[in-house]
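*Asks:* Structure file coords21.cif (mmCIF, C-alpha atoms) right here:
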data_entry
#
loop_
_atom_site.label_atom_id
_atom_site.label_comp_id
_atom_site.auth_asym_id
_atom_site.auth_seq_id
_atom_site.Cartn_x
_atom_site.Cartn_y
_atom_site.Cartn_z
CA MET A 1 9.81 -27.00 -39.83
CA SER A 2 12.61 -24.98 -38.34
CA THR A 3 14.88 -26.45 -35.70
CA VAL A 4 14.70 -25.21 -32.15
CA PRO A 5 18.03 -24.74 -30.35
CA VAL A 6 18.56 -27.43 -27.71
CA ALA A 7 19.83 -24.81 -25.24
CA TRP A 8 16.50 -22.98 -25.46
CA LEU A 9 14.59 -26.20 -24.71
CA VAL A 10 16.93 -27.04 -21.81
CA ALA A 11 16.57 -23.51 -20.40
CA ARG A 12 12.78 -23.75 -20.45
CA ALA A 13 12.70 -27.24 -18.95
CA ALA A 14 15.28 -26.47 -16.24
CA GLY A 15 13.45 -23.26 -15.31
CA LEU A 16 10.14 -25.06 -14.94
CA VAL A 17 11.72 -27.88 -12.93
CA ALA A 18 13.50 -25.33 -10.70
CA PHE A 19 10.17 -23.59 -10.08
CA GLY A 20 8.52 -26.91 -9.31
CA LEU A 21 11.24 -27.82 -6.80
CA LEU A 22 11.06 -24.37 -5.17
CA THR A 23 7.30 -24.79 -4.90
CA LEU A 24 7.63 -28.24 -3.32
CA SER A 25 10.23 -26.91 -0.90
CA MET A 26 7.92 -24.03 -0.01
CA TRP A 27 5.01 -26.40 0.61
CA LEU A 28 7.18 -28.66 2.74
CA GLY A 29 8.66 -25.78 4.75
CA LEU A 30 5.20 -24.39 5.43
CA SER A 31 3.87 -27.81 6.38
CA MET A 32 6.68 -28.13 8.91
CA SER A 33 6.05 -24.67 10.34
CA THR A 34 2.32 -25.39 10.71
CA ARG A 35 3.21 -28.71 12.35
CA ILE A 36 0.65 -30.75 10.43
CA PHE A 37 3.04 -33.70 10.57
CA ALA A 38 4.02 -35.56 13.72
CA PRO A 39 7.05 -34.12 15.58
CA ARG A 40 9.00 -37.35 15.03
CA ARG A 41 8.92 -36.67 11.28
CA GLN A 42 10.34 -33.13 11.47
CA LYS A 43 13.99 -34.17 11.09
CA ALA A 44 13.29 -36.28 7.99
CA LEU A 45 11.10 -33.54 6.52
CA LEU A 46 13.84 -30.98 7.13
CA GLY A 47 16.24 -33.22 5.21
CA TRP A 48 13.83 -33.40 2.29
CA HIS A 49 13.31 -29.63 2.47
CA ARG A 50 17.07 -29.02 2.21
CA THR A 51 17.43 -31.56 -0.58
CA LEU A 52 14.65 -29.91 -2.59
CA VAL A 53 16.29 -26.50 -2.22
CA TRP A 54 19.73 -27.74 -3.35
CA THR A 55 18.23 -29.74 -6.21
CA GLY A 56 16.24 -26.66 -7.22
CA LEU A 57 19.44 -24.62 -7.16
CA SER A 58 21.13 -27.15 -9.43
CA MET A 59 18.24 -26.70 -11.87
CA VAL A 60 18.63 -22.92 -11.60
CA GLY A 61 22.31 -23.44 -12.49
CA LEU A 62 21.34 -25.54 -15.51
CA HIS A 63 18.77 -22.89 -16.47
CA VAL A 64 21.48 -20.19 -16.32
CA LEU A 65 24.02 -22.25 -18.29
CA ALA A 66 21.46 -23.05 -20.96
CA LEU A 67 20.53 -19.37 -21.27
CA LEU A 68 24.20 -18.50 -21.70
CA ALA A 69 24.50 -21.13 -24.43
CA ASP A 70 21.26 -20.19 -26.20
CA PRO A 71 22.10 -18.68 -29.62
CA THR A 72 18.75 -16.90 -29.95
CA ILE A 73 18.58 -14.82 -26.77
CA HIS A 74 22.25 -13.71 -26.47
CA PHE A 75 22.45 -13.39 -22.70
CA GLY A 76 25.81 -12.60 -21.20
CA LEU A 77 27.04 -13.39 -17.71
CA ALA A 78 25.81 -10.06 -16.33
CA ALA A 79 22.29 -10.67 -17.67
CA VAL A 80 21.95 -13.89 -15.66
CA LEU A 81 23.74 -12.73 -12.50
CA VAL A 82 22.89 -9.04 -12.09
CA PRO A 83 19.30 -7.82 -11.66
CA PHE A 84 18.07 -5.54 -14.48
CA ALA A 85 21.14 -6.21 -16.66
CA ALA A 86 19.23 -8.36 -19.17
CA PRO A 87 18.26 -6.65 -22.42
CA TRP A 88 15.13 -8.81 -22.82
CA HIS A 89 12.28 -8.27 -20.28
CA PRO A 90 14.68 -6.75 -17.73
CA ALA A 91 12.20 -6.66 -14.81
CA ALA A 92 10.99 -10.23 -15.34
CA VAL A 93 14.54 -11.54 -15.73
CA ALA A 94 15.60 -9.53 -12.66
CA ALA A 95 12.87 -11.32 -10.68
CA GLY A 96 14.47 -14.62 -11.70
CA VAL A 97 17.97 -13.41 -10.85
CA VAL A 98 16.91 -12.19 -7.40
CA THR A 99 15.05 -15.47 -6.85
CA GLY A 100 18.23 -17.41 -7.60
CA TRP A 101 20.28 -15.34 -5.17
CA LEU A 102 17.60 -15.61 -2.47
CA MET A 103 17.41 -19.39 -2.94
CA LEU A 104 21.18 -19.62 -2.59
CA MET A 105 21.18 -17.52 0.60
CA LEU A 106 18.33 -19.56 2.07
CA ALA A 107 20.10 -22.82 1.24
CA LEU A 108 23.34 -21.57 2.79
CA SER A 109 21.49 -20.39 5.88
CA PHE A 110 21.17 -24.02 6.98
CA ARG A 111 24.97 -24.09 7.38
CA PHE A 112 24.98 -20.86 9.42
CA ARG A 113 21.93 -21.67 11.54
CA LYS A 114 23.89 -22.06 14.78
CA TRP A 115 25.48 -18.60 14.33
CA ILE A 116 22.28 -16.93 13.17
CA GLY A 117 20.26 -18.52 15.96
CA GLN A 118 16.94 -20.30 15.63
CA ARG A 119 14.87 -17.12 15.83
CA GLY A 120 17.00 -15.24 13.28
CA TRP A 121 17.07 -18.24 10.98
CA ARG A 122 13.27 -18.51 11.06
CA ARG A 123 12.89 -14.79 10.42
CA PHE A 124 15.34 -14.97 7.54
CA HIS A 125 13.23 -17.75 6.06
CA TYR A 126 10.44 -15.26 5.46
CA ALA A 127 12.54 -14.32 2.43
CA GLY A 128 11.27 -17.61 1.00
CA PHE A 129 7.94 -15.89 0.41
CA ALA A 130 9.69 -13.19 -1.61
CA ALA A 131 11.64 -15.83 -3.56
CA PHE A 132 8.44 -17.73 -4.30
CA ALA A 133 6.54 -14.62 -5.41
CA LEU A 134 9.44 -13.44 -7.59
CA ALA A 135 9.83 -16.92 -9.12
CA LEU A 136 6.13 -17.05 -9.89
CA GLY A 137 6.27 -13.60 -11.51
CA HIS A 138 9.38 -14.57 -13.46
CA ALA A 139 7.74 -17.76 -14.71
CA LEU A 140 4.53 -16.01 -15.74
CA VAL A 141 6.13 -13.01 -17.48
CA ALA A 142 9.45 -14.34 -18.85
CA GLY A 143 8.33 -17.93 -19.31
CA THR A 144 7.31 -18.58 -22.88
CA ASP A 145 5.19 -21.63 -21.99
CA LEU A 146 2.94 -20.02 -19.41
CA HIS A 147 0.89 -17.48 -21.29
CA GLY A 148 -2.87 -17.90 -21.18
CA LEU A 149 -4.57 -20.81 -19.45
CA GLY A 150 -1.31 -22.63 -18.68
CA GLY A 151 -0.05 -19.72 -16.63
CA GLN A 152 -3.33 -19.41 -14.77
CA ALA A 153 -3.28 -23.14 -14.00
CA LEU A 154 0.31 -22.87 -12.72
CA LEU A 155 -0.64 -19.90 -10.59
CA ALA A 156 -3.55 -21.77 -9.00
CA PHE A 157 -1.63 -25.02 -8.54
CA ALA A 158 1.48 -23.41 -7.03
CA LEU A 159 -0.08 -20.59 -5.07
CA GLY A 160 -3.16 -22.38 -3.73
CA PRO A 161 -1.37 -24.62 -1.20
CA VAL A 162 0.95 -21.78 -0.15
CA LEU A 163 -2.03 -19.58 0.68
CA TRP A 164 -3.75 -22.48 2.44
CA PHE A 165 -0.70 -23.13 4.63
CA VAL A 166 -0.29 -19.42 5.41
CA PHE A 167 -3.92 -19.09 6.46
CA LEU A 168 -3.67 -22.31 8.46
CA ARG A 169 -0.65 -20.97 10.27
CA LEU A 170 -2.21 -17.58 10.91
CA LEU A 171 -5.53 -18.97 12.10
CA SER A 172 -4.28 -21.95 14.13
CA PRO A 173 -3.94 -21.40 17.84
CA ARG A 174 -0.34 -21.36 18.97
CA ALA A 175 0.82 -23.50 21.84
CA LYS A 176 1.36 -21.36 24.91
CA ARG A 177 4.89 -21.20 26.20
CA ALA A 178 5.51 -22.01 29.80
CA VAL A 179 6.39 -18.83 31.68
CA SER A 180 9.34 -19.34 33.97
CA PRO A 181 9.17 -17.58 37.33
CA ALA A 182 11.50 -14.60 37.53
#
Take the structure in the file and write it out as structure tokens.
*Replies:*
Amino acid sequence: MSTVPVAWLVARAAGLVAFGLLTLSMWLGLSMSTRIFAPRRQKALLGWHRTLVWTGLSMVGLHVLALLADPTIHFGLAAVLVPFAAPWHPAAVAAGVVTGWLMLMLALSFRFRKWIGQRGWRRFHYAGFAAFALALGHALVAGTDLHGLGGQALLAFALGPVLWFVFLRLLSPRAKRAVSPA
């Protein structure tokens, strides 16, 4: 039995954990925007949402470091930081790179919320859908563990609640705003 490089195992595990944390953050963010939880819980949920994003980013960092250390794939710094610079599955790796950058920008947006404004911050958070879709594509195409039934199960498990929350939000009646007299 041949030995598997530890860096390759760490890269796979960190990538899957990062995807899991991004998925949980997405579910939590959507649950807050659909207001299925009581308003008194919103502040605590927002804290968990931010924590999940930063923890996911730390796993993305570990994923990147492990890929750089992996002796079998030979990725350089450009391959993990610049979209389409990877020699192996350039489009799938680019999806992961763009996801990482989007996650970082979304995480940093919490710090700039007062300058962006609530409306701009919420609109910017639509990029979370792109990050999620790109991460899912990256996991399914570049991920070596997700071919076949495992990938289909991941797709259903991760995407199902996201679609449910989106449809819930689209189909739920919105509270009417009070119109102030002019």
*Asks:* Please write the residues picked by the PyMOL selection byres ((chain A and resi 101) around 12) on this file as a PyMOL selection string.
*Replies:* chain A and resi 57+60-61+80-83+94-100+102-108+127-128+130-131+134-135
*Asks:* Care to translate the PyMOL selection byres ((chain A and resi 65) around 12) into actual residues of this file, as an NGL selection string?
*Replies:* :A and (7-8 or 10-12 or 14-15 or 58-64 or 66-70 or 74-77 or 79-81)
*Asks:* Could you list the residues chosen by the PyMOL selection byres ((chain A and resi 151-166) around 9) in this structure as number ranges by chain?
*Replies:* A: 20, 23-24, 26-27, 30-31, 33-34, 133, 136, 139-140, 143, 145-150, 167-171
*Asks:* Can you work out the spacing between atom CA of A:Ala92 and atom CA of A:Val141 in Å, to one decimal?
*Replies:*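 That distance, rounded to one decimal, is 6.0 Å.
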*Asks:* With only C-alpha atoms as the atoms that count, which of A:Leu22, A:Ala142, A:Phe37, A:Pro5 lies nearest to A:Ala86?
*Replies:*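 Of A:Leu22, A:Ala142, A:Phe37, A:Pro5, the one nearest A:Ala86, counting only C-alpha atoms, is A:Ala142.
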*Asks:* Could you tell me how far atom CA of A:Pro87 sits from atom CA of A:Thr144, in Å to one decimal place?
*Replies:*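 Calculated distance between atom CA of A:Thr144 and atom CA of A:Pro87 is 16.2 Å.
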*Asks:* Provide an axis-aligned box for all listed atoms of stretch 130-135 of chain A, padding each side by 8 Å; report its centre and its edge lengths in Å to one decimal, as lines of an AutoDock Vina configuration file.
*Replies:*
center_x = 9.1
center_y = -15.5
center_z = -5.4
size_x = 21.1
size_y = 20.5
size_z = 23.5
*Asks:* So how many Å separate atom CA of A:Leu45 and atom CA of A:Leu28, to one decimal?
*Replies:*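 These two atoms are separated by 7.3 Å.
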*Asks:* Show me as a list in words the residues that reach within 7 Å of (15.4, -25.7, -2.3), counting all atoms listed in the file and using the file's own coordinates.
*Replies:*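 Output: Leu21, Leu22, Ser25, His49, Arg50, Thr51, Leu52, Val53, Trp54, Thr55, Gly56, Leu57, Met103 and Ala107 of chain A.
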